[in-house]
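Q: Hey, dropping start10.cif in here, mmCIF, C-alpha atoms:
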data_query
loop_
_atom_site.group_PDB
_atom_site.id
_atom_site.type_symbol
_atom_site.label_atom_id
_atom_site.label_comp_id
_atom_site.auth_asym_id
_atom_site.auth_seq_id
_atom_site.Cartn_x
_atom_site.Cartn_y
_atom_site.Cartn_z
ATOM 1 C CA MET A 1027 -43.513 57.277 169.411
ATOM 2 C CA ALA A 1028 -44.432 55.289 166.305
ATOM 3 C CA SER A 1029 -40.879 55.482 164.941
ATOM 4 C CA MET A 1030 -39.426 54.334 168.271
ATOM 5 C CA ALA A 1031 -41.779 51.323 168.317
ATOM 6 C CA SER A 1032 -40.804 50.320 164.771
ATOM 7 C CA GLU A 1033 -37.107 50.529 165.652
ATOM 8 C CA ALA A 1034 -37.646 47.965 168.423
ATOM 9 C CA LEU A 1035 -39.092 45.417 165.999
ATOM 10 C CA PRO A 1036 -36.907 42.789 164.287
ATOM 11 C CA TYR A 1037 -35.792 43.899 160.844
ATOM 12 C CA GLU A 1038 -37.968 41.350 159.001
ATOM 13 C CA LEU A 1039 -41.118 42.652 160.739
ATOM 14 C CA THR A 1040 -40.768 46.195 159.444
ATOM 15 C CA GLY A 1041 -42.055 47.032 155.951
ATOM 16 C CA ARG A 1042 -42.175 44.748 152.884
ATOM 17 C CA ARG A 1043 -42.787 41.833 155.201
ATOM 18 C CA ASN A 1044 -43.548 39.238 152.533
ATOM 19 C CA GLN A 1045 -40.302 39.871 150.686
ATOM 20 C CA LYS A 1046 -38.332 39.900 153.930
ATOM 21 C CA ALA A 1047 -39.970 36.660 155.031
ATOM 22 C CA ARG A 1048 -38.881 35.063 151.750
ATOM 23 C CA THR A 1049 -35.336 36.330 152.207
ATOM 24 C CA ARG A 1050 -35.171 35.011 155.751
ATOM 25 C CA SER A 1051 -36.564 31.648 154.640
ATOM 26 C CA ALA A 1052 -33.944 31.473 151.882
ATOM 27 C CA LEU A 1053 -31.149 32.101 154.382
ATOM 28 C CA VAL A 1054 -32.496 29.481 156.790
ATOM 29 C CA ALA A 1055 -32.911 26.964 153.961
ATOM 30 C CA ALA A 1056 -29.351 27.619 152.807
ATOM 31 C CA ALA A 1057 -28.054 27.172 156.348
ATOM 32 C CA ARG A 1058 -29.921 23.887 156.727
ATOM 33 C CA GLU A 1059 -28.567 22.637 153.422
ATOM 34 C CA LEU A 1060 -25.002 23.462 154.451
ATOM 35 C CA LEU A 1061 -25.569 21.828 157.828
ATOM 36 C CA SER A 1062 -26.869 18.675 156.144
ATOM 37 C CA HIS A 1063 -23.460 18.352 154.471
ATOM 38 C CA GLY A 1064 -21.592 18.662 157.756
ATOM 39 C CA THR A 1065 -20.711 22.361 157.523
ATOM 40 C CA THR A 1066 -21.592 24.752 160.332
ATOM 41 C CA PRO A 1067 -22.223 27.824 158.166
ATOM 42 C CA THR A 1068 -21.226 31.357 158.908
ATOM 43 C CA VAL A 1069 -23.642 34.142 158.040
ATOM 44 C CA GLU A 1070 -21.481 34.931 154.999
ATOM 45 C CA GLU A 1071 -21.602 31.333 153.749
ATOM 46 C CA ALA A 1072 -25.373 31.164 154.116
ATOM 47 C CA ALA A 1073 -25.707 34.489 152.322
ATOM 48 C CA GLU A 1074 -23.598 33.252 149.406
ATOM 49 C CA ALA A 1075 -25.553 30.003 149.145
ATOM 50 C CA ALA A 1076 -28.867 31.896 149.227
ATOM 51 C CA ALA A 1077 -27.694 34.530 146.727
ATOM 52 C CA VAL A 1078 -28.260 37.244 149.301
ATOM 53 C CA SER A 1079 -25.840 40.069 150.018
ATOM 54 C CA ARG A 1080 -23.812 39.790 153.221
ATOM 55 C CA THR A 1081 -25.071 43.155 154.418
ATOM 56 C CA THR A 1082 -28.662 41.999 154.023
ATOM 57 C CA ALA A 1083 -27.969 38.647 155.699
ATOM 58 C CA TYR A 1084 -26.552 40.339 158.790
ATOM 59 C CA ARG A 1085 -29.769 42.326 159.154
ATOM 60 C CA TYR A 1086 -31.540 39.040 159.797
ATOM 61 C CA PHE A 1087 -28.825 37.144 161.663
ATOM 62 C CA PRO A 1088 -26.177 39.204 163.479
ATOM 63 C CA ASN A 1089 -23.949 36.176 164.120
ATOM 64 C CA GLN A 1090 -23.509 32.466 163.511
ATOM 65 C CA ARG A 1091 -25.302 31.469 166.712
ATOM 66 C CA ALA A 1092 -28.448 33.322 165.638
ATOM 67 C CA LEU A 1093 -28.310 31.666 162.216
ATOM 68 C CA VAL A 1094 -27.891 28.142 163.623
ATOM 69 C CA ALA A 1095 -30.659 28.775 166.151
ATOM 70 C CA ALA A 1096 -32.996 29.649 163.268
ATOM 71 C CA ALA A 1097 -31.957 26.494 161.399
ATOM 72 C CA TYR A 1098 -32.555 24.351 164.481
ATOM 73 C CA PRO A 1099 -35.489 21.938 164.040
ATOM 74 C CA GLU A 1100 -38.712 23.284 165.520
ATOM 75 C CA VAL A 1101 -41.571 21.024 166.544
ATOM 76 C CA ASP A 1102 -44.130 23.342 168.133
ATOM 77 C CA GLN A 1103 -46.282 20.659 169.706
ATOM 78 C CA ASP A 1104 -47.126 19.982 173.328
ATOM 79 C CA SER A 1105 -47.105 16.246 172.633
ATOM 80 C CA LEU A 1106 -45.579 13.887 170.083
ATOM 81 C CA LEU A 1107 -47.937 11.063 171.004
ATOM 82 C CA PRO A 1108 -50.692 9.957 168.605
ATOM 83 C CA ASP A 1109 -54.213 11.323 169.026
ATOM 84 C CA ASP A 1110 -55.391 8.287 171.005
ATOM 85 C CA PRO A 1111 -52.309 7.220 172.974
ATOM 86 C CA PRO A 1112 -52.253 4.145 175.222
ATOM 87 C CA ASP A 1113 -52.539 4.489 178.980
ATOM 88 C CA ASP A 1114 -49.508 2.309 179.685
ATOM 89 C CA PRO A 1115 -46.542 4.630 180.425
ATOM 90 C CA VAL A 1116 -43.997 2.189 178.952
ATOM 91 C CA GLN A 1117 -45.882 2.105 175.657
ATOM 92 C CA ARG A 1118 -46.330 5.881 175.708
ATOM 93 C CA LEU A 1119 -42.635 6.406 176.337
ATOM 94 C CA ASP A 1120 -41.678 4.005 173.549
ATOM 95 C CA LEU A 1121 -43.861 5.926 171.096
ATOM 96 C CA LEU A 1122 -42.281 9.188 172.176
ATOM 97 C CA LEU A 1123 -38.737 7.836 171.903
ATOM 98 C CA ALA A 1124 -39.475 6.578 168.402
ATOM 99 C CA ALA A 1125 -40.579 10.108 167.493
ATOM 100 C CA THR A 1126 -37.568 11.832 169.076
ATOM 101 C CA ASN A 1127 -35.263 9.311 167.399
ATOM 102 C CA ARG A 1128 -36.709 10.355 164.052
ATOM 103 C CA ILE A 1129 -35.869 13.976 164.889
ATOM 104 C CA VAL A 1130 -32.282 13.010 165.745
ATOM 105 C CA ARG A 1131 -31.982 10.936 162.560
ATOM 106 C CA ASP A 1132 -33.466 13.570 160.254
ATOM 107 C CA TRP A 1133 -31.817 16.609 161.856
ATOM 108 C CA GLU A 1134 -28.540 15.148 163.066
ATOM 109 C CA MET A 1135 -26.280 17.771 161.512
ATOM 110 C CA GLN A 1136 -28.376 20.703 162.714
ATOM 111 C CA LEU A 1137 -28.500 19.237 166.225
ATOM 112 C CA ARG A 1138 -24.746 18.624 166.196
ATOM 113 C CA ALA A 1139 -24.125 22.220 165.147
ATOM 114 C CA ALA A 1140 -26.340 23.544 167.933
ATOM 115 C CA LEU A 1141 -24.573 21.311 170.450
ATOM 116 C CA ARG A 1142 -21.160 22.398 169.199
ATOM 117 C CA LEU A 1143 -22.009 26.093 169.520
ATOM 118 C CA SER A 1144 -23.452 25.563 173.001
ATOM 119 C CA LEU A 1145 -20.061 24.189 174.108
ATOM 120 C CA GLU A 1146 -18.047 27.174 172.927
ATOM 121 C CA PRO A 1147 -16.248 29.168 175.657
ATOM 122 C CA GLY A 1148 -18.597 31.711 177.174
ATOM 123 C CA ALA A 1149 -21.723 30.181 175.633
ATOM 124 C CA GLU A 1150 -24.715 29.575 177.856
ATOM 125 C CA PRO A 1151 -25.119 25.756 177.808
ATOM 126 C CA THR A 1152 -28.913 25.948 177.994
ATOM 127 C CA GLY A 1153 -29.274 29.035 175.829
ATOM 128 C CA PRO A 1154 -31.505 29.502 172.782
ATOM 129 C CA VAL A 1155 -29.369 27.359 170.471
ATOM 130 C CA LEU A 1156 -30.486 24.253 172.358
ATOM 131 C CA ARG A 1157 -34.099 25.400 172.903
ATOM 132 C CA ARG A 1158 -34.545 24.693 176.590
ATOM 133 C CA GLY A 1159 -37.068 22.212 177.908
ATOM 134 C CA ARG A 1160 -38.879 21.027 174.789
ATOM 135 C CA VAL A 1161 -38.119 17.293 175.151
ATOM 136 C CA ILE A 1162 -38.685 17.416 178.912
ATOM 137 C CA GLY A 1163 -42.225 18.628 178.210
ATOM 138 C CA TRP A 1164 -42.840 15.751 175.809
ATOM 139 C CA LEU A 1165 -41.496 13.295 178.376
ATOM 140 C CA ALA A 1166 -43.732 14.761 181.065
ATOM 141 C CA ASP A 1167 -46.697 14.198 178.759
ATOM 142 C CA ALA A 1168 -45.680 10.579 178.127
ATOM 143 C CA LEU A 1169 -45.206 9.913 181.847
ATOM 144 C CA GLU A 1170 -48.427 11.610 182.983
ATOM 145 C CA PRO A 1171 -50.256 8.319 183.859
ATOM 146 C CA LEU A 1172 -47.689 7.742 186.615
ATOM 147 C CA ALA A 1173 -49.350 10.511 188.623
ATOM 148 C CA ALA A 1174 -52.220 8.115 189.312
ATOM 149 C CA THR A 1175 -50.480 4.738 189.228
ATOM 150 C CA HIS A 1176 -47.119 5.575 190.846
ATOM 151 C CA PRO A 1177 -47.490 8.831 192.817
ATOM 152 C CA ASP A 1178 -44.246 8.088 194.680
ATOM 153 C CA VAL A 1179 -42.185 8.448 191.490
ATOM 154 C CA ASP A 1180 -40.646 11.898 190.968
ATOM 155 C CA ARG A 1181 -41.713 12.380 187.354
ATOM 156 C CA ASP A 1182 -39.602 15.505 186.855
ATOM 157 C CA ARG A 1183 -36.389 13.727 187.865
ATOM 158 C CA LEU A 1184 -37.405 10.692 185.838
ATOM 159 C CA ALA A 1185 -37.910 12.837 182.736
ATOM 160 C CA VAL A 1186 -34.454 14.387 183.207
ATOM 161 C CA ALA A 1187 -32.864 10.947 183.669
ATOM 162 C CA ILE A 1188 -34.449 9.647 180.463
ATOM 163 C CA ARG A 1189 -33.533 12.808 178.535
ATOM 164 C CA ALA A 1190 -29.887 12.479 179.609
ATOM 165 C CA ALA A 1191 -29.715 8.979 178.113
ATOM 166 C CA THR A 1192 -31.650 9.590 174.913
ATOM 167 C CA GLY A 1193 -30.788 13.017 173.448
ATOM 168 C CA ILE A 1194 -28.370 14.272 170.826
ATOM 169 C CA GLU A 1195 -25.584 14.312 173.416
ATOM 170 C CA ALA A 1196 -25.964 10.576 174.054
ATOM 171 C CA PHE A 1197 -26.258 9.929 170.319
ATOM 172 C CA VAL A 1198 -23.015 11.771 169.563
ATOM 173 C CA TRP A 1199 -21.159 9.770 172.237
ATOM 174 C CA LEU A 1200 -22.537 6.462 170.977
ATOM 175 C CA VAL A 1201 -21.666 7.194 167.344
ATOM 176 C CA ASP A 1202 -18.395 9.108 167.695
ATOM 177 C CA VAL A 1203 -16.844 7.499 170.782
ATOM 178 C CA ALA A 1204 -18.429 4.058 171.123
ATOM 179 C CA ARG A 1205 -18.467 3.709 167.310
ATOM 180 C CA TYR A 1206 -21.991 2.331 167.120
ATOM 181 C CA PRO A 1207 -23.744 2.458 163.737
ATOM 182 C CA ARG A 1208 -26.355 5.191 163.765
ATOM 183 C CA GLU A 1209 -29.395 2.905 163.724
ATOM 184 C CA GLU A 1210 -27.970 0.790 166.544
ATOM 185 C CA ALA A 1211 -27.248 3.933 168.552
ATOM 186 C CA LEU A 1212 -30.839 5.093 168.127
ATOM 187 C CA GLU A 1213 -32.187 1.714 169.186
ATOM 188 C CA LEU A 1214 -29.899 1.664 172.226
ATOM 189 C CA MET A 1215 -31.163 5.093 173.284
ATOM 190 C CA ARG A 1216 -34.707 3.811 172.992
ATOM 191 C CA TRP A 1217 -33.771 0.812 175.142
ATOM 192 C CA ASN A 1218 -32.105 3.144 177.656
ATOM 193 C CA GLY A 1219 -35.303 5.134 178.091
ATOM 194 C CA ARG A 1220 -37.452 2.068 178.615
ATOM 195 C CA ALA A 1221 -34.915 0.576 181.064
ATOM 196 C CA ILE A 1222 -34.808 3.754 183.161
ATOM 197 C CA LEU A 1223 -38.600 3.879 183.312
ATOM 198 C CA ARG A 1224 -38.903 0.215 184.298
ATOM 199 C CA ALA A 1225 -36.269 0.668 187.002
ATOM 200 C CA ALA A 1226 -38.232 3.626 188.378
ATOM 201 C CA LEU A 1227 -41.431 1.577 188.403
ATOM 202 C CA ASP A 1228 -39.657 -1.240 190.266
ATOM 203 C CA ASP A 1229 -37.914 0.789 192.962
ATOM 204 C CA GLY A 1230 -39.566 4.207 192.946
ATOM 205 C CA GLY A 1231 -36.433 6.019 191.711
ATOM 206 C CA PRO A 1232 -34.633 8.039 190.628
#
Is it possible to express this structure as structure tokens?

A:
Amino acid sequence: MASMASEALPYELTGRRNQKARTRSALVAAARELLSHGTTPTVEEAAEAAAVSRTTAYRYFPNQRALVAAAYPEVDQDSLLPDDPPDDPVQRLDLLLAATNRIVRDWEMQLRAALRLSLEPGAEPTGPVLRRGRVIGWLADALEPLAATHPDVDRDRLAVAIRAATGIEAFVWLVDVARYPREEALELMRWNGRAILRAALDDGGP
């Protein structure tokens, strides 16, 4: 029974865990470095950059999607607001959008790679590469005061509407198609979020 249980564990969690954790971290760091230069790395390319054998690398990441998912930025927080946030939902949203804009700015290439892989034929659009629901949770936190002040507003739909106008997808369109400079694109996304919220406060939508 013990051997069967160990076989079900991920490779890096079985034996010599510290060394395996270092190897995994080296592969992820190599992938992030390659992504920062505009390359969506294969497992082989990350292995070469990390000075790890290909056979070993595949024990950690069986394919490119798994590697990019591991290199995807993780912010394991329920809220991105400061410790003593304001009560005004517009101010709260603006603080959140400033924080998510920093994530887009700092992790643009990793986010682009995750988006690109999610659009491949047969890929699940909301699969693990795009880490479902994280930003929606942050938006729900920012919009929480509306429960008391504007109970008629559907906060879930509002969060989705704001996310659609402010995420990496919107950023890519603004930069690549509309040809906006990156900082202007980020500021426009921030404006989009505030405008959607104000419209909802005015007419009870979406």

Q: Can you give me, as number ranges by chain, the residues this file yields under the PyMOL selection byres ((chain A and resi 1137) around 12)?

A: A: 1058, 1061-1062, 1064, 1066, 1094-1100, 1129-1136, 1138-1144, 1155-1157, 1193-1198

Q: Write out as a PyMOL selection string each polymer residue whose atoms come within 8 Å of Arg1216 of chain A, counting all atoms listed in the file; drop sequence neighbours fewer than 6 positions from it.

A: chain A and resi 1120+1123-1124+1127+1192

Q: Could you turn the residues from that selection into a file that holds C-alpha atoms, as a short mmCIF file (atom, residue, chain, number, x, y, z; two decimals), in the coordinates of the input?

A:
data_model
loop_
_atom_site.label_atom_id
_atom_site.label_comp_id
_atom_site.auth_asym_id
_atom_site.auth_seq_id
_atom_site.Cartn_x
_atom_site.Cartn_y
_atom_site.Cartn_z
CA ASP A 1120 -41.68 4.00 173.55
CA LEU A 1123 -38.74 7.84 171.90
CA ALA A 1124 -39.48 6.58 168.40
CA ASN A 1127 -35.26 9.31 167.40
CA THR A 1192 -31.65 9.59 174.91
#

Q: Please, which residues in segment 1167-1188 of chain A fall within 8 Å of segment 1102-1113 of chain A when counting all atoms listed in the file, and what is the closest atom pair and distance in Å to one decimal for each, ordered by chain then residue number, as CSV?

A:
residue,atom,partner,partner_atom,distance
A:Asp1167,CA,A:Ser1105,CA,6.5
A:Ala1168,CA,A:Leu1107,CA,7.5
A:Pro1171,CA,A:Asp1113,CA,6.6

Q: Work out how far apart atom CA of Arg1043 of chain A and atom CA of Pro1067 of chain A are and give it in Å to one decimal.

A: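 Here the two named atoms are 25.1 Å from each other.
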
Q: So, with only C-alpha atoms as the atoms that count, which of A:Arg1091, A:Leu1169, A:Leu1060, A:Val1069 lies closest to Glu1146 of chain A?

A: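 The closest residue to Glu1146 of chain A is A:Arg1091.
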
Q: Can you tell me how far atom CA of Glu1070 of chain A sits from atom CA of Tyr1084 of chain A, in Å to one decimal?

A: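 Interatomic distance here is 8.3 Å.
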
Q: Applying the PyMOL selection byres ((chain A and resi 1054) around 9) to the file I just gave you, which residues come out? Please list them as a list in words.

A: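 Applying the expression gives Thr1049, Arg1050, Ser1051, Ala1052, Leu1053, Ala1055, Ala1056, Ala1057, Arg1058, Glu1059, Ala1072, Ala1076, Leu1093, Val1094, Ala1096 and Ala1097 of chain A.
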
Q: Choose the residue, out of A:Leu1122, A:Val1203, A:Leu1172, A:Met1215, that has the smallest atom-to-atom separation from Leu1227 of chain A; count all atoms listed in the file.

A: A:Leu1172

Q: Identify which of the residues A:Val1101, A:Glu1071, A:Asn1089, A:Leu1145 lies closest to Ala1125 of chain A, counting all atoms listed in the file when measuring atom-to-atom distances.

A: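 Smallest distance to Ala1125 of chain A is found for A:Val1101.
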
Q: In the coordinates of the file, take the point (-44.2, 14.1, 188.5) and a cut-off of 12 Å; then, counting all atoms listed in the file, name each qualifying protein, DNA or RNA residue as a list in words.

A: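 These residues have at least one counted atom within 12 Å: Ile1162, Gly1163, Leu1165, Ala1166, Asp1167, Ala1168, Leu1169, Glu1170, Pro1171, Leu1172, Ala1173, Ala1174, Thr1175, His1176, Pro1177, Asp1178, Val1179, Asp1180, Arg1181, Asp1182, Arg1183, Leu1184, Ala1185, Val1186, Gly1230, Gly1231 and Pro1232 of chain A.
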
Q: Kindly indicate which residue among A:Thr1065, A:Leu1212, A:Ala1204, A:Val1078 lies nearest to Thr1126 of chain A, using only C-alpha atoms for the distances.

A: A:Leu1212

Q: Let me make sure I understand: among A:Ala1047, A:Leu1121, A:Leu1214, A:Val1116, which one has the smallest atom-to-atom distance to Tyr1086 of chain A if we use only C-alpha atoms?

A: A:Ala1047

Q: Counting all atoms listed in the file, figure out which residue out of A:Ala1083, A:Ala1221, A:Ala1092, A:Ala1075 gets nearest to Ile1188 of chain A.

A: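 The closest residue to Ile1188 of chain A is A:Ala1221.
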
Q: How many Å separate atom CA of Asp1228 of chain A from atom CA of Val1161 of chain A?

A: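 Going from atom CA of Asp1228 of chain A over to atom CA of Val1161 of chain A, I get 24.0 Å.
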